[in-house]
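> I'm passing along work-v3.cif; it holds mmCIF, C-alpha atoms and all ligand atoms.
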data_work
#
loop_
_atom_site.label_atom_id
_atom_site.label_comp_id
_atom_site.auth_asym_id
_atom_site.auth_seq_id
_atom_site.Cartn_x
_atom_site.Cartn_y
_atom_site.Cartn_z
CA MET A 249 48.69 176.87 45.44
CA SER A 250 45.01 177.82 45.30
CA CYS A 251 43.46 180.40 47.59
CA ALA A 252 41.79 179.15 50.75
CA LEU A 253 38.79 181.26 49.81
CA GLN A 254 38.08 183.24 46.69
CA LEU A 255 35.13 185.42 45.75
CA LYS A 256 34.68 186.27 42.07
CA ASP A 257 32.36 189.10 41.05
CA LEU A 258 29.94 188.08 43.79
CA ARG A 259 26.55 189.79 43.73
CA LYS A 260 23.39 189.59 45.80
CA SER A 261 20.11 191.42 45.40
CA PHE A 262 17.14 191.39 47.72
CA GLY A 263 14.18 192.32 45.52
CA LYS A 264 15.40 195.15 43.32
CA THR A 265 18.08 196.29 45.73
CA GLN A 266 21.61 195.14 45.03
CA ILE A 267 23.30 194.64 48.40
CA ILE A 268 26.54 192.95 47.30
CA ARG A 269 27.81 194.63 44.15
CA GLY A 270 30.59 192.66 42.52
CA VAL A 271 32.94 191.57 45.29
CA ASN A 272 36.32 190.05 44.42
CA LEU A 273 38.51 188.75 47.21
CA ALA A 274 41.36 186.26 47.38
CA VAL A 275 42.30 184.96 50.82
CA GLN A 276 45.48 182.90 51.12
CA PRO A 277 45.73 179.82 53.36
CA GLY A 278 46.55 180.80 56.95
CA GLU A 279 45.65 184.45 56.48
CA ARG A 280 43.58 186.27 59.11
CA VAL A 281 41.22 188.73 57.47
CA ALA A 282 38.97 191.24 59.23
CA VAL A 283 35.97 192.49 57.26
CA ILE A 284 35.07 196.01 58.35
CA GLY A 285 32.68 198.68 57.11
CA PRO A 286 29.81 200.93 58.15
CA ASN A 287 26.47 199.53 59.38
CA GLY A 288 24.44 198.06 56.53
CA ALA A 289 27.47 197.83 54.22
CA GLY A 290 26.79 194.14 53.54
CA LYS A 291 29.31 192.37 55.79
CA SER A 292 26.85 189.86 57.26
CA THR A 293 25.32 189.30 53.85
CA LEU A 294 28.77 188.50 52.50
CA PHE A 295 29.23 185.92 55.29
CA ASN A 296 25.77 184.51 54.49
CA LEU A 297 26.76 184.08 50.84
CA ILE A 298 30.07 182.40 51.72
CA SER A 299 28.57 180.02 54.29
CA GLY A 300 25.66 179.04 52.03
CA ARG A 301 22.83 180.61 54.02
CA PHE A 302 21.82 182.59 50.93
CA PRO A 303 22.64 181.69 47.32
CA PRO A 304 24.38 184.52 45.43
CA SER A 305 22.46 186.22 42.62
CA SER A 306 25.59 185.75 40.49
CA GLY A 307 29.31 185.22 40.84
CA GLU A 308 31.40 182.47 42.41
CA VAL A 309 32.65 181.37 45.81
CA LEU A 310 35.61 178.98 45.77
CA LEU A 311 36.93 177.01 48.73
CA HIS A 312 40.46 175.72 48.03
CA GLY A 313 39.78 176.21 44.33
CA ALA A 314 36.44 174.34 44.21
CA ARG A 315 33.08 176.06 43.71
CA ILE A 316 30.84 176.05 46.80
CA ASP A 317 28.26 178.66 45.78
CA GLY A 318 24.81 177.11 45.64
CA LYS A 319 25.73 174.38 48.16
CA LYS A 320 23.88 173.94 51.44
CA PRO A 321 25.48 175.24 54.68
CA TYR A 322 26.05 171.70 56.05
CA GLU A 323 27.71 170.62 52.77
CA ILE A 324 30.02 173.64 52.90
CA ASN A 325 30.74 172.87 56.54
CA ARG A 326 31.78 169.32 55.69
CA LEU A 327 34.10 170.71 53.01
CA GLY A 328 36.01 172.52 55.73
CA LEU A 329 34.39 175.94 56.20
CA SER A 330 32.77 176.64 59.54
CA ARG A 331 30.96 179.71 60.75
CA SER A 332 29.98 181.01 64.16
CA PHE A 333 27.08 183.35 64.60
CA GLN A 334 26.55 186.55 66.55
CA ILE A 335 23.68 184.65 68.12
CA THR A 336 25.03 182.01 70.42
CA ASN A 337 24.71 178.57 68.83
CA ILE A 338 25.46 176.38 71.81
CA PHE A 339 23.04 174.14 73.73
CA PRO A 340 22.33 175.92 77.06
CA LYS A 341 21.28 172.77 78.92
CA LEU A 342 24.30 170.70 77.91
CA SER A 343 27.64 170.88 79.69
CA VAL A 344 30.78 172.33 78.16
CA PHE A 345 32.08 168.84 77.38
CA GLU A 346 28.75 167.67 75.91
CA ASN A 347 28.52 170.74 73.68
CA LEU A 348 31.99 170.11 72.30
CA ARG A 349 31.33 166.41 71.79
CA CYS A 350 28.11 167.26 69.92
CA GLY A 351 30.12 169.54 67.66
CA VAL A 352 32.64 166.79 66.97
CA LEU A 353 30.02 164.07 66.43
CA TRP A 354 27.92 166.27 64.19
CA SER A 355 30.93 166.92 62.00
CA LEU A 356 31.42 163.17 61.58
CA GLY A 357 28.25 163.30 59.55
CA TYR A 358 25.39 161.05 58.71
CA ARG A 359 27.47 158.90 56.42
CA TYR A 360 28.24 156.61 59.38
CA THR A 361 25.92 153.84 60.44
CA PHE A 362 24.95 153.83 64.11
CA LEU A 363 27.53 151.14 64.99
CA LYS A 364 30.34 152.96 63.25
CA PHE A 365 29.13 156.11 64.97
CA LEU A 366 29.46 154.41 68.37
CA ALA A 367 32.92 153.21 67.46
CA LYS A 368 33.83 156.80 66.80
CA LEU A 369 32.72 157.90 70.28
CA ASP A 370 36.16 157.36 71.84
CA ASP A 371 37.74 159.54 69.17
CA ALA A 372 35.03 162.15 69.69
CA ASN A 373 35.58 162.17 73.46
CA ALA A 374 39.32 162.62 73.03
CA ARG A 375 38.81 165.41 70.52
CA ALA A 376 36.29 167.15 72.81
CA GLU A 377 38.78 167.00 75.71
CA GLU A 378 41.47 168.51 73.49
CA LEU A 379 39.16 171.32 72.34
CA MET A 380 38.25 172.05 75.95
CA ARG A 381 41.92 172.58 76.77
CA GLN A 382 42.36 174.78 73.70
CA ILE A 383 39.56 177.12 74.78
CA HIS A 384 40.74 177.02 78.42
CA LEU A 385 37.49 175.65 79.82
CA GLU A 386 38.80 172.39 81.32
CA ARG A 387 37.84 173.52 84.81
CA LYS A 388 34.26 174.12 83.59
CA ARG A 389 33.98 170.66 81.99
CA ASP A 390 30.65 169.68 83.58
CA VAL A 391 29.12 173.13 83.95
CA LEU A 392 25.97 173.69 81.88
CA ALA A 393 26.56 176.19 79.08
CA MET A 394 23.80 178.43 80.42
CA ASN A 395 25.74 178.85 83.68
CA LEU A 396 28.96 180.06 82.02
CA THR A 397 29.90 183.72 81.88
CA TYR A 398 29.17 185.48 78.59
CA ALA A 399 32.84 185.41 77.56
CA GLU A 400 33.06 181.70 78.40
CA GLN A 401 29.95 181.04 76.30
CA ARG A 402 31.57 182.79 73.37
CA ALA A 403 34.74 180.74 73.86
CA LEU A 404 32.63 177.58 73.86
CA GLU A 405 30.92 178.75 70.69
CA ILE A 406 34.32 179.05 69.02
CA GLY A 407 35.21 175.57 70.30
CA VAL A 408 32.03 174.17 68.73
CA THR A 409 32.76 176.09 65.52
CA ILE A 410 36.21 174.51 65.12
CA ALA A 411 35.17 171.09 66.50
CA GLY A 412 34.83 169.58 63.04
CA GLY A 413 38.40 170.53 62.13
CA ALA A 414 37.41 173.19 59.57
CA ASN A 415 40.43 174.94 58.11
CA VAL A 416 38.52 178.05 57.07
CA VAL A 417 36.72 179.71 59.98
CA LEU A 418 34.26 182.62 59.81
CA LEU A 419 33.58 184.50 63.04
CA ASP A 420 30.83 187.10 63.19
CA GLU A 421 31.72 189.78 65.76
CA PRO A 422 33.40 187.35 68.16
CA THR A 423 34.06 189.98 70.85
CA ALA A 424 30.72 191.82 70.67
CA GLY A 425 29.43 192.66 74.14
CA MET A 426 32.72 191.97 75.94
CA SER A 427 34.63 194.26 78.28
CA ARG A 428 38.00 195.63 77.21
CA SER A 429 39.96 193.10 79.29
CA GLU A 430 37.77 190.20 78.13
CA THR A 431 38.30 191.35 74.54
CA GLU A 432 42.09 191.40 74.88
CA HIS A 433 42.05 187.93 76.40
CA PHE A 434 39.73 186.74 73.65
CA ILE A 435 41.93 188.00 70.82
CA ASP A 436 44.72 185.80 72.22
CA LEU A 437 42.33 182.86 72.35
CA ILE A 438 41.18 183.34 68.75
CA ARG A 439 44.79 183.63 67.68
CA GLU A 440 45.70 180.39 69.46
CA VAL A 441 42.80 178.26 68.21
CA THR A 442 43.15 179.43 64.62
CA VAL A 443 46.88 178.75 64.21
CA GLY A 444 47.34 177.24 60.75
CA LYS A 445 43.74 178.05 59.80
CA THR A 446 42.32 180.73 57.56
CA LEU A 447 40.20 183.20 59.48
CA LEU A 448 37.61 185.71 58.34
CA THR A 449 35.99 187.87 60.95
CA VAL A 450 33.41 190.64 60.83
CA GLU A 451 34.43 193.16 63.41
CA HIS A 452 33.47 196.64 64.57
CA ASP A 453 36.09 196.98 67.30
CA MET A 454 39.17 198.53 65.69
CA GLY A 455 41.33 197.31 68.59
CA VAL A 456 40.40 193.74 67.68
CA VAL A 457 40.87 194.39 63.96
CA PHE A 458 44.36 195.77 64.34
CA GLY A 459 45.30 193.23 67.01
CA LEU A 460 44.26 190.22 65.00
CA ALA A 461 44.18 190.77 61.27
CA ASP A 462 46.96 190.22 58.72
CA LYS A 463 44.71 191.90 56.18
CA ILE A 464 41.62 194.07 56.29
CA ALA A 465 38.79 194.09 53.76
CA VAL A 466 36.86 197.34 53.84
CA VAL A 467 33.30 196.87 52.60
CA VAL A 468 31.29 199.97 51.75
CA TYR A 469 27.89 199.84 50.00
CA GLY A 470 28.38 196.23 48.96
CA GLU A 471 31.79 196.74 47.38
CA VAL A 472 35.33 196.09 48.62
CA LEU A 473 36.88 199.51 48.85
CA ALA A 474 40.27 198.23 50.00
CA PHE A 475 41.90 194.90 50.80
CA ASP A 476 45.32 195.34 52.31
CA THR A 477 47.50 195.18 55.41
CA PRO A 478 46.27 197.09 58.50
CA GLU A 479 48.98 199.76 58.01
CA ALA A 480 48.04 200.33 54.36
CA VAL A 481 44.32 200.45 55.14
CA ARG A 482 44.89 202.94 57.95
CA ALA A 483 46.78 205.19 55.52
CA ASN A 484 44.25 204.80 52.68
CA THR A 485 42.57 208.16 52.01
CA ARG A 486 39.54 206.56 50.28
CA VAL A 487 38.91 204.52 53.43
CA GLN A 488 39.34 207.56 55.64
CA GLU A 489 36.86 209.49 53.47
CA ALA A 490 34.31 206.65 53.48
CA TYR A 491 34.43 206.42 57.28
CA LEU A 492 34.46 210.16 57.74
CA GLY A 493 31.46 210.37 55.38
CA SER A 494 29.52 207.75 57.29
CA SER A 495 30.30 209.20 60.71
CA VAL A 496 29.17 212.67 59.51
CA ALA A 497 25.96 211.11 58.14
CA GLU A 498 25.37 209.29 61.44
CA SER A 499 25.85 212.40 63.54
CA GLN A 500 23.51 214.34 61.20
CA ALA A 501 20.90 211.60 61.57
CA GLN A 502 21.22 211.93 65.34
CA GLY A 503 20.74 215.68 65.00
CA HIS A 504 24.27 216.73 66.08
N1 LIG A 601 17.29 188.86 53.99
C1 LIG A 601 17.30 190.14 53.66
N2 LIG A 601 16.30 190.68 52.95
C2 LIG A 601 16.31 191.98 52.58
N3 LIG A 601 17.30 192.83 52.88
C3 LIG A 601 18.33 192.37 53.58
C4 LIG A 601 18.40 191.01 54.01
N4 LIG A 601 19.57 190.83 54.69
C5 LIG A 601 20.18 192.02 54.69
N5 LIG A 601 19.45 192.94 54.02
C6 LIG A 601 19.84 194.34 53.81
O1 LIG A 601 21.12 194.35 53.28
C7 LIG A 601 21.88 195.47 53.75
C8 LIG A 601 23.17 194.99 54.32
O2 LIG A 601 22.92 194.29 55.54
P1 LIG A 601 24.06 193.51 56.32
O3 LIG A 601 23.42 192.96 57.55
O4 LIG A 601 24.73 192.56 55.42
O5 LIG A 601 25.04 194.70 56.69
P2 LIG A 601 26.26 194.71 57.72
O6 LIG A 601 27.39 195.37 57.04
O7 LIG A 601 26.49 193.34 58.26
O8 LIG A 601 25.67 195.66 58.85
P3 LIG A 601 25.93 195.68 60.45
O9 LIG A 601 27.34 196.15 60.62
O10 LIG A 601 24.93 196.69 60.92
O11 LIG A 601 25.66 194.29 60.98
C9 LIG A 601 20.97 196.19 54.76
O12 LIG A 601 20.39 197.29 54.12
C10 LIG A 601 19.94 195.13 55.10
O13 LIG A 601 18.72 195.74 55.43
#
Show me this structure written as structure tokens.

Amino acid sequence: MSCALQLKDLRKSFGKTQIIRGVNLAVQPGERVAVIGPNGAGKSTLFNLISGRFPPSSGEVLLHGARIDGKKPYEINRLGLSRSFQITNIFPKLSVFENLRCGVLWSLGYRYTFLKFLAKLDDANARAEELMRQIHLERKRDVLAMNLTYAEQRALEIGVTIAGGANVVLLDEPTAGMSRSETEHFIDLIREVTVGKTLLTVEHDMGVVFGLADKIAVVVYGEVLAFDTPEAVRANTRVQEAYLGSSVAESQAQGH
């Protein structure tokens, strides 16, 4: 069976600076992977390369064994890889239900004529209702997105991200800005809505990382320093040194 997602010697330079420096990663179907690393290590850039926002300078990205590097984000999305952003990507003046239905309809694509599109509306409505239950927002069905709490908005964003039925989902700091109790609740939600899917998440909160991930990829200076189970990563001395190094550097920069 092919990997859900595979990166082969992936590299990216901005100008003369190499930011991603030969990343290899093989993610199995159904695995939940947290990508961690110090600020500026290249985690978001890696997500941008996978989701097609930037083309790699060299190397390959394979989705279920087929090359996707060089494709446009919407093409990659239609092939089953969906990404949510740190920046909320929901429509503030549409209701919860309308946002979800937009996500579903958009994923149906432009290959349908208008009449076929209309015929699909019933399916889209049913799918939007189902998504709403999954993200536990049925009681907020007709509330405008802008009037939801922050945590509810992030739940809606995940609903929109998975609306098209993607089986590989990339979440960029899904719990950023949440309280501890909201975060715990949210980990359960992410777990529920990604059952059977492959998940990659960039995360700074170690509680989330260890609560959610089957495997952790540690990215330092554009390279994968370790890719292993949470227990093995926690015990890895190279990882401990890299983090210790960066925290010492940070405290020196702050003059401590
Ligand atoms: N479009 C770009 N042009 C030039 N440099 C960029 C670009 N995008 C990112 N970089 C640089 O690449 C490096 C890695 O950035 P990236 O955002 O991928 O790191 P990160 O690990 O996600 O950091 P953080 O945890 O702070 O979000 C940084 O030095 C950043 O300034």
> Could you give me the residues within 7 Å of ligand LIG 601 (chain A), counting only C-alpha atoms and all ligand atoms, as a list in words?
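The residues near ligand LIG 601 (chain A) are Phe262, Ile267, Gly285, Pro286, Asn287, Gly288, Ala289, Gly290, Lys291, Ser292, Thr293 and Leu294 of chain A.
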> Produce a table with one row for each residue of range 328-438 of chain A that has an atom at most 12 Å from any atom of range 270-277 of chain A, each row naming the nearest atom pair and its distance in Å at one decimal; use all atoms listed in the file; arrange rows by chain and rising residue number; format as a Markdown table.

| residue | atom | partner | partner_atom | distance |
| --- | --- | --- | --- | --- |
| A:Asn415 | CA | A:Pro277 | CA | 8.6 |
| A:Val416 | CA | A:Pro277 | CA | 8.3 |
| A:Val417 | CA | A:Pro277 | CA | 11.2 |
> Just the residues within 12 Å of Arg381 in chain A, please, counting only C-alpha atoms, with nothing from its chain fewer than 4 positions along; format it as a ChimeraX atom specification.
/A:344-345,348,374-377,385-389,403-404,407,437,440-441
> What is the distance, in Å and to one decimal place, between CA of Ile268 in chain A and CA of Glu471 in chain A?
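Spanning CA of Ile268 in chain A to CA of Glu471 in chain A is a straight-line distance of 6.5 Å.
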> Near Ala282 in chain A, within 12 Å and counting all atoms listed in the file, which residues show up once chain neighbours fewer than 3 positions away are dropped, as a PyMOL selection string?
chain A and resi 275+279+285+291+295+417-422+446-467+474-478+481
> Box time for range 296-310 of chain A: axis-aligned, enclosing all its listed atoms, 6 Å extra on each side; report centre and edge lengths in Å to one decimal, as lines of an AutoDock Vina configuration file.

center_x = 28.7
center_y = 182.6
center_z = 47.5
size_x = 25.8
size_y = 19.2
size_z = 26.0
> In Å, with one decimal, what is the gap from CA of Ser306 in chain A to CA of Leu255 in chain A?
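Separation of CA of Ser306 in chain A and CA of Leu255 in chain A: 10.9 Å.
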> Using all atoms listed in the file, can you tell me which of A:Gly263, A:Gly313, A:Pro304, A:Gly470 comes closest to Leu327 in chain A?
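The closest residue to Leu327 in chain A is A:Gly313.
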> Between A:Val283, A:Val487, A:Val352, A:Ala399, single out the one closest to Glu430 in chain A, counting only C-alpha atoms.
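Nearest candidate to Glu430 in chain A out of A:Val283, A:Val487, A:Val352, A:Ala399: A:Ala399.
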> Return range 441-474 of chain A, completed with N, CA and C atoms, as a PDB file, keeping the file's coordinate frame.

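Dumped everything to part-v6.pdb:
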ATOM      1  N   VAL A 441      43.584 179.378  68.769  1.00  0.00           N
ATOM      2  CA  VAL A 441      42.800 178.260  68.210  1.00  0.00           C
ATOM      3  C   VAL A 441      42.748 178.280  66.682  1.00  0.00           C
ATOM      4  N   THR A 442      43.193 179.388  66.079  1.00  0.00           N
ATOM      5  CA  THR A 442      43.150 179.430  64.620  1.00  0.00           C
ATOM      6  C   THR A 442      44.540 179.335  63.988  1.00  0.00           C
ATOM      7  N   VAL A 443      45.530 178.935  64.781  1.00  0.00           N
ATOM      8  CA  VAL A 443      46.880 178.750  64.210  1.00  0.00           C
ATOM      9  C   VAL A 443      46.793 177.744  63.056  1.00  0.00           C
ATOM     10  N   GLY A 444      47.339 178.136  61.920  1.00  0.00           N
ATOM     11  CA  GLY A 444      47.340 177.240  60.750  1.00  0.00           C
ATOM     12  C   GLY A 444      46.026 177.256  59.984  1.00  0.00           C
ATOM     13  N   LYS A 445      45.014 177.979  60.509  1.00  0.00           N
ATOM     14  CA  LYS A 445      43.740 178.050  59.800  1.00  0.00           C
ATOM     15  C   LYS A 445      43.603 179.405  59.109  1.00  0.00           C
ATOM     16  N   THR A 446      42.646 179.466  58.210  1.00  0.00           N
ATOM     17  CA  THR A 446      42.320 180.730  57.560  1.00  0.00           C
ATOM     18  C   THR A 446      41.144 181.324  58.310  1.00  0.00           C
ATOM     19  N   LEU A 447      41.252 182.589  58.658  1.00  0.00           N
ATOM     20  CA  LEU A 447      40.200 183.200  59.480  1.00  0.00           C
ATOM     21  C   LEU A 447      39.617 184.429  58.795  1.00  0.00           C
ATOM     22  N   LEU A 448      38.292 184.482  58.763  1.00  0.00           N
ATOM     23  CA  LEU A 448      37.610 185.710  58.340  1.00  0.00           C
ATOM     24  C   LEU A 448      36.730 186.153  59.485  1.00  0.00           C
ATOM     25  N   THR A 449      36.837 187.406  59.858  1.00  0.00           N
ATOM     26  CA  THR A 449      35.990 187.870  60.950  1.00  0.00           C
ATOM     27  C   THR A 449      35.354 189.210  60.601  1.00  0.00           C
ATOM     28  N   VAL A 450      34.064 189.328  60.926  1.00  0.00           N
ATOM     29  CA  VAL A 450      33.410 190.640  60.830  1.00  0.00           C
ATOM     30  C   VAL A 450      33.630 191.309  62.161  1.00  0.00           C
ATOM     31  N   GLU A 451      34.087 192.542  62.137  1.00  0.00           N
ATOM     32  CA  GLU A 451      34.430 193.160  63.410  1.00  0.00           C
ATOM     33  C   GLU A 451      34.208 194.658  63.370  1.00  0.00           C
ATOM     34  N   HIS A 452      33.655 195.196  64.460  1.00  0.00           N
ATOM     35  CA  HIS A 452      33.470 196.640  64.570  1.00  0.00           C
ATOM     36  C   HIS A 452      34.566 197.269  65.427  1.00  0.00           C
ATOM     37  N   ASP A 453      35.114 196.462  66.342  1.00  0.00           N
ATOM     38  CA  ASP A 453      36.090 196.980  67.300  1.00  0.00           C
ATOM     39  C   ASP A 453      37.461 197.087  66.622  1.00  0.00           C
ATOM     40  N   MET A 454      37.912 198.329  66.428  1.00  0.00           N
ATOM     41  CA  MET A 454      39.170 198.530  65.690  1.00  0.00           C
ATOM     42  C   MET A 454      40.374 197.974  66.464  1.00  0.00           C
ATOM     43  N   GLY A 455      40.259 197.910  67.785  1.00  0.00           N
ATOM     44  CA  GLY A 455      41.330 197.310  68.590  1.00  0.00           C
ATOM     45  C   GLY A 455      41.494 195.840  68.211  1.00  0.00           C
ATOM     46  N   VAL A 456      40.373 195.158  68.055  1.00  0.00           N
ATOM     47  CA  VAL A 456      40.400 193.740  67.680  1.00  0.00           C
ATOM     48  C   VAL A 456      40.949 193.606  66.254  1.00  0.00           C
ATOM     49  N   VAL A 457      40.452 194.464  65.370  1.00  0.00           N
ATOM     50  CA  VAL A 457      40.870 194.390  63.960  1.00  0.00           C
ATOM     51  C   VAL A 457      42.387 194.516  63.848  1.00  0.00           C
ATOM     52  N   PHE A 458      42.928 195.541  64.494  1.00  0.00           N
ATOM     53  CA  PHE A 458      44.360 195.770  64.340  1.00  0.00           C
ATOM     54  C   PHE A 458      45.194 194.793  65.164  1.00  0.00           C
ATOM     55  N   GLY A 459      44.578 194.205  66.200  1.00  0.00           N
ATOM     56  CA  GLY A 459      45.300 193.230  67.010  1.00  0.00           C
ATOM     57  C   GLY A 459      45.336 191.847  66.384  1.00  0.00           C
ATOM     58  N   LEU A 460      44.436 191.593  65.470  1.00  0.00           N
ATOM     59  CA  LEU A 460      44.260 190.220  65.000  1.00  0.00           C
ATOM     60  C   LEU A 460      44.548 190.011  63.518  1.00  0.00           C
ATOM     61  N   ALA A 461      44.226 191.017  62.708  1.00  0.00           N
ATOM     62  CA  ALA A 461      44.180 190.770  61.270  1.00  0.00           C
ATOM     63  C   ALA A 461      45.536 190.936  60.564  1.00  0.00           C
ATOM     64  N   ASP A 462      45.824 190.031  59.640  1.00  0.00           N
ATOM     65  CA  ASP A 462      46.960 190.220  58.720  1.00  0.00           C
ATOM     66  C   ASP A 462      46.531 191.165  57.610  1.00  0.00           C
ATOM     67  N   LYS A 463      45.240 191.061  57.253  1.00  0.00           N
ATOM     68  CA  LYS A 463      44.710 191.900  56.180  1.00  0.00           C
ATOM     69  C   LYS A 463      43.311 192.370  56.558  1.00  0.00           C
ATOM     70  N   ILE A 464      42.946 193.519  56.026  1.00  0.00           N
ATOM     71  CA  ILE A 464      41.620 194.070  56.290  1.00  0.00           C
ATOM     72  C   ILE A 464      40.894 194.275  54.963  1.00  0.00           C
ATOM     73  N   ALA A 465      39.644 193.812  54.919  1.00  0.00           N
ATOM     74  CA  ALA A 465      38.790 194.090  53.760  1.00  0.00           C
ATOM     75  C   ALA A 465      37.782 195.133  54.179  1.00  0.00           C
ATOM     76  N   VAL A 466      37.797 196.267  53.507  1.00  0.00           N
ATOM     77  CA  VAL A 466      36.860 197.340  53.840  1.00  0.00           C
ATOM     78  C   VAL A 466      35.682 197.266  52.877  1.00  0.00           C
ATOM     79  N   VAL A 467      34.500 196.983  53.435  1.00  0.00           N
ATOM     80  CA  VAL A 467      33.300 196.870  52.600  1.00  0.00           C
ATOM     81  C   VAL A 467      32.446 198.124  52.800  1.00  0.00           C
ATOM     82  N   VAL A 468      32.139 198.780  51.702  1.00  0.00           N
ATOM     83  CA  VAL A 468      31.290 199.970  51.750  1.00  0.00           C
ATOM     84  C   VAL A 468      30.260 199.849  50.623  1.00  0.00           C
ATOM     85  N   TYR A 469      28.975 199.978  50.983  1.00  0.00           N
ATOM     86  CA  TYR A 469      27.890 199.840  50.000  1.00  0.00           C
ATOM     87  C   TYR A 469      28.058 198.618  49.102  1.00  0.00           C
ATOM     88  N   GLY A 470      28.358 197.488  49.715  1.00  0.00           N
ATOM     89  CA  GLY A 470      28.380 196.230  48.960  1.00  0.00           C
ATOM     90  C   GLY A 470      29.568 196.039  48.056  1.00  0.00           C
ATOM     91  N   GLU A 471      30.588 196.902  48.198  1.00  0.00           N
ATOM     92  CA  GLU A 471      31.790 196.740  47.380  1.00  0.00           C
ATOM     93  C   GLU A 471      33.020 196.727  48.299  1.00  0.00           C
ATOM     94  N   VAL A 472      34.087 196.060  47.839  1.00  0.00           N
ATOM     95  CA  VAL A 472      35.330 196.090  48.620  1.00  0.00           C
ATOM     96  C   VAL A 472      36.122 197.312  48.202  1.00  0.00           C
ATOM     97  N   LEU A 473      36.205 198.240  49.129  1.00  0.00           N
ATOM     98  CA  LEU A 473      36.880 199.510  48.850  1.00  0.00           C
ATOM     99  C   LEU A 473      38.392 199.346  48.938  1.00  0.00           C
ATOM    100  N   ALA A 474      38.830 198.478  49.843  1.00  0.00           N
ATOM    101  CA  ALA A 474      40.270 198.230  50.000  1.00  0.00           C
ATOM    102  C   ALA A 474      40.462 196.851  50.600  1.00  0.00           C
TER     103      ALA A 474
END
